[in-house]
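These notes are about the structure you will find just below.
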Amino acid sequence: MKLTKTLLATTALTLASGTAFADGHMASDMTLVSWGGAYQSSQQNAYVAPYLEMNDGVSAVWDESSAEAVAKLRAMNEAGSVTWDVVDVVAADAIRLCDEGLALEIDPDEDLAAAPDGTSAADDFGDLLVSDCFIPQIVYSTTFGYRTDLVGDTAPTSVCAVFDTEAYPGKRSLEKRPINNMEWALLCDGVAKDDVYDVLATDDGQQQALDKLATIKDDVIWWSAGADTPQLLADGEVVMGSTYNGRLFAAIEEQKQPIGMLWDAQVFDLDGWIIPTGLSPEREARARDFIKFATDTQRLADQAKYISYGPARASSAPLVGQHAELGIDMAPHMPTDPNNAQNTFLYNYEFWADYRDDIDAKFQAWLAQ
């Protein structure tokens, strides 16, 4: 089952008409919050559609507001009206929501499915359970794509090529937020990988990162949506730009664009579900039932058939096969593949949970200068 372009273009989609469950213990509809695009389509294909098929009379509505999840859940909580049932967020946002009491705590061994061989969910997810409220789905990376026909005879191999406008003239695209940009700036200004977050925790370190970014500020197109950089690359408006590896996979393998992928210093991150606090018992029961299904071993492996993000469960990795439509092996396109993960940068969830608001304000003020 593949979502049509019309369905993907909508920001909310009713998937089936709801009727009450006979036992009355679970709600018959859900509002699922995600990011849109190819990622949301992979969720729809891998576990939302199968879940609805197994639960006759249940409906789901998509809301593509994950980028604003923290602010919107804060507002819903203050208003005493939480309208979302299951929310897809990055790990740092999950930590913030958990700390603020806006997300339910999850017992992985009670609330999530064990692996097929009986391995507990806690052991299967392992260190990726970075918050008591977070149920990880995928490992993804933010990395760089470049136009293969615009970089001359020597394709970039280092992330620091983004700062080298002499060797690679032209516009770059960077996300309009400090996360990742500040880390790359410090790495390319000589700060050792292991020291980046210690430096970034200081006012001087934050200024150092902004000063490095200032060297290319006039050459940057700032993006807010994951689809922006692939489109800018396809249109030839930028020579290179950052985005999510799954977006680049789609541009390269599905759309056959003249784009290459730079894996150096790719920033590993996690994406997964939280269940908001403030739900009725019936809605909470439905959300928990869906989460248990959607994050089992097979479902996370199935998601990798549609997008090049690594499943968060160890037991899912051996089940990753070929792309559902292209027929190509997906393992080599995962950020976790050994050939791609030779020089990775590990995102520090706790750092950004603690410093995000302050550094965001400083970064936005710098942008406005």
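How things are named: the first chain in the structure tokens is A, the next is B, and so on; residues count from 1 in each chain; ligands count from 1 in the order shown.
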
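Residue neighbourhood of Arg96 in chain A, excluding near-sequence residues (fewer than 4 positions): Val70, Ala91, Ala92, Glu100, Gly101, Leu102, Ala103, Ser131, Cys133, Tyr349, Glu350, Trp352, Ala353, Asp354 and Arg356 of chain A, at 10 Å, using only C-alpha atoms.
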
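Excluding Lys292 in chain A itself and any same-chain residue fewer than 2 positions from it, the protein and nucleic acid residues within 6 Å of it, counting only C-alpha atoms, are A:Leu112, A:Ala113, A:Asp289, A:Phe290, A:Ala294, A:Thr295.
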
Quiz item: Neighbours of Gly260 in chain A within 6 Å (only C-alpha atoms; same-chain residues fewer than 6 positions away dropped), as a ChimeraX atom specification?
Solution: /A:145-146,148

Could you make a table, as a Markdown table, of the residues of range 9-119 of chain A that have an atom within 10 Å of an atom of range 242-258 of chain A, each with its nearest atom pair and distance in Å to one decimal, counting only C-alpha atoms, in chain and number order?
| residue | atom | partner | partner_atom | distance |
| --- | --- | --- | --- | --- |
| A:Gly37 | CA | A:Arg247 | CA | 8.8 |
| A:Ala38 | CA | A:Arg247 | CA | 7.3 |
| A:Tyr39 | CA | A:Gly246 | CA | 7.7 |

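Looking only at range 129-183 of chain A, the set that DSSP places in helix (DSSP H, G or I) from backbone geometry is Val159, Cys160, Ala161, Val162, Phe163, Asn181, Met182 and Glu183 of chain A.
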
Since we have the selection now, will you write its residues out, keeping N, CA and C atoms, as a tab-separated table (two decimals), in the first residue's frame?
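And here is the file that came out, selection_14.tsv:
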chain	number	residue	atom	x	y	z
A	159	VAL	N	33.27	16.96	6.07
A	159	VAL	CA	32.18	17.87	6.39
A	159	VAL	C	32.64	19.32	6.33
A	160	CYS	N	33.94	19.55	6.53
A	160	CYS	CA	34.45	20.92	6.54
A	160	CYS	C	34.46	21.55	5.15
A	161	ALA	N	34.13	20.77	4.12
A	161	ALA	CA	34.00	21.34	2.78
A	161	ALA	C	32.92	22.41	2.75
A	162	VAL	N	31.95	22.31	3.66
A	162	VAL	CA	30.88	23.31	3.68
A	162	VAL	C	31.44	24.70	3.99
A	163	PHE	N	32.57	24.75	4.69
A	163	PHE	CA	33.18	26.03	5.03
A	163	PHE	C	34.23	26.46	4.00
A	181	ASN	N	24.66	22.56	13.40
A	181	ASN	CA	25.48	23.61	12.82
A	181	ASN	C	26.58	24.05	13.79
A	182	MET	N	26.23	24.19	15.06
A	182	MET	CA	27.22	24.63	16.05
A	182	MET	C	28.30	23.56	16.24
A	183	GLU	N	27.89	22.30	16.25
A	183	GLU	CA	28.86	21.22	16.41
A	183	GLU	C	29.82	21.15	15.23

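For the set A:Gly80, A:Glu325, A:Asp228, A:Phe125, the residue with the smallest atom-to-atom gap to Glu175 in chain A is A:Asp228, counting only C-alpha atoms.
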
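Rounded to one decimal, CA of Asp198 in chain A and CA of Phe351 in chain A lie 9.5 Å from each other.
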
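Every protein, DNA or RNA residue with an atom at most 6 Å from range 264-277 of chain A, where only C-alpha atoms count and chain neighbours fewer than 3 positions away do not, is listed here: Val86, Val87, Asp88, Val89, Val90, Ala91, Leu102, Ala103, Leu104, Phe134, Ile135, Pro136, Gln137, Ile138, Val139, Tyr140, Ser141, Thr142, Thr143, Ser158, Val159, Asn343, Thr344, Phe345, Leu346 and Tyr347 of chain A.
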
Practice problem: Extract the full set of strand (DSSP E or B) residues from range 240-356 of chain A according to DSSP on the backbone, and format it as number ranges by chain. | Solution: A: 240-244, 259-274, 276, 310-311, 322, 329, 344-346

Test item: residues at most 10 Å from Asp296 in chain A, only C-alpha atoms, excluding those fewer than 5 positions along its chain, as a compact mmCIF listing (two decimals) with all heavy atoms, in the first residue's frame:
# COMPACT_ATOMS: atom_id res chain seq x y z
N TYR A 47 3.33 0.32 9.72
CA TYR A 47 2.55 -0.10 10.88
C TYR A 47 1.20 0.58 11.09
O TYR A 47 0.34 0.02 11.74
CB TYR A 47 3.36 -0.03 12.17
CG TYR A 47 4.33 1.13 12.29
CD1 TYR A 47 3.92 2.40 12.60
CD2 TYR A 47 5.69 0.90 12.12
CE1 TYR A 47 4.83 3.43 12.73
CE2 TYR A 47 6.62 1.94 12.24
CZ TYR A 47 6.17 3.21 12.54
OH TYR A 47 7.06 4.24 12.65
N LEU A 112 6.05 -2.65 25.97
CA LEU A 112 6.54 -2.91 24.62
C LEU A 112 6.73 -4.40 24.41
O LEU A 112 6.93 -5.16 25.36
CB LEU A 112 7.86 -2.17 24.38
CG LEU A 112 7.85 -0.66 24.67
CD1 LEU A 112 9.22 -0.07 24.42
CD2 LEU A 112 6.79 0.04 23.82
N ALA A 113 6.67 -4.82 23.16
CA ALA A 113 6.78 -6.24 22.82
C ALA A 113 8.22 -6.73 22.98
O ALA A 113 9.17 -6.01 22.66
CB ALA A 113 6.31 -6.47 21.40
N ALA A 114 8.37 -7.95 23.46
CA ALA A 114 9.68 -8.58 23.51
C ALA A 114 10.13 -8.94 22.10
O ALA A 114 9.33 -8.96 21.15
CB ALA A 114 9.64 -9.82 24.39
N ALA A 115 11.42 -9.21 21.93
CA ALA A 115 11.92 -9.67 20.64
C ALA A 115 11.41 -11.09 20.37
O ALA A 115 10.99 -11.79 21.30
CB ALA A 115 13.45 -9.66 20.66
N PRO A 116 11.42 -11.53 19.12
CA PRO A 116 10.92 -12.87 18.80
C PRO A 116 11.60 -13.99 19.57
O PRO A 116 10.97 -15.02 19.85
CB PRO A 116 11.20 -12.99 17.30
CG PRO A 116 11.15 -11.58 16.80
CD PRO A 116 11.75 -10.77 17.91
N ALA A 121 12.32 -6.16 25.78
CA ALA A 121 12.37 -4.92 25.01
C ALA A 121 13.47 -4.00 25.52
O ALA A 121 14.15 -3.34 24.73
CB ALA A 121 11.01 -4.22 25.07
N GLN A 137 12.16 4.64 17.49
CA GLN A 137 11.81 3.89 16.27
C GLN A 137 13.02 3.71 15.36
O GLN A 137 13.30 2.61 14.90
CB GLN A 137 10.75 4.63 15.46
CG GLN A 137 9.42 4.81 16.12
CD GLN A 137 8.57 5.75 15.30
OE1 GLN A 137 8.07 5.39 14.24
NE2 GLN A 137 8.41 6.98 15.75
N ILE A 291 1.27 1.69 20.24
CA ILE A 291 2.72 1.76 20.42
C ILE A 291 3.33 0.37 20.51
O ILE A 291 4.39 0.09 19.92
CB ILE A 291 3.06 2.59 21.68
CG1 ILE A 291 2.82 4.08 21.44
CG2 ILE A 291 4.50 2.34 22.12
CD1 ILE A 291 3.79 4.71 20.46
N ALA A 301 11.49 -3.35 11.34
CA ALA A 301 12.20 -3.86 10.16
C ALA A 301 11.45 -3.50 8.89
O ALA A 301 12.05 -3.14 7.87
CB ALA A 301 12.40 -5.36 10.27
N ARG A 313 15.63 -1.31 17.16
CA ARG A 313 15.74 -2.57 17.88
C ARG A 313 16.84 -3.42 17.26
O ARG A 313 16.92 -3.59 16.03
CB ARG A 313 14.42 -3.35 17.83
CG ARG A 313 13.25 -2.65 18.46
CD ARG A 313 12.04 -3.56 18.51
NE ARG A 313 12.21 -4.57 19.55
CZ ARG A 313 11.28 -4.86 20.47
NH1 ARG A 313 10.12 -4.22 20.48
NH2 ARG A 313 11.51 -5.79 21.38
N SER A 315 17.03 -6.59 17.30
CA SER A 315 16.44 -7.77 16.65
C SER A 315 15.86 -7.46 15.28
O SER A 315 15.59 -8.37 14.48
CB SER A 315 15.35 -8.38 17.54
OG SER A 315 14.28 -7.45 17.72
N SER A 316 15.66 -6.17 14.96
CA SER A 316 15.09 -5.80 13.66
C SER A 316 16.15 -5.77 12.56
O SER A 316 15.84 -6.00 11.39
CB SER A 316 14.43 -4.42 13.75
OG SER A 316 13.37 -4.40 14.67
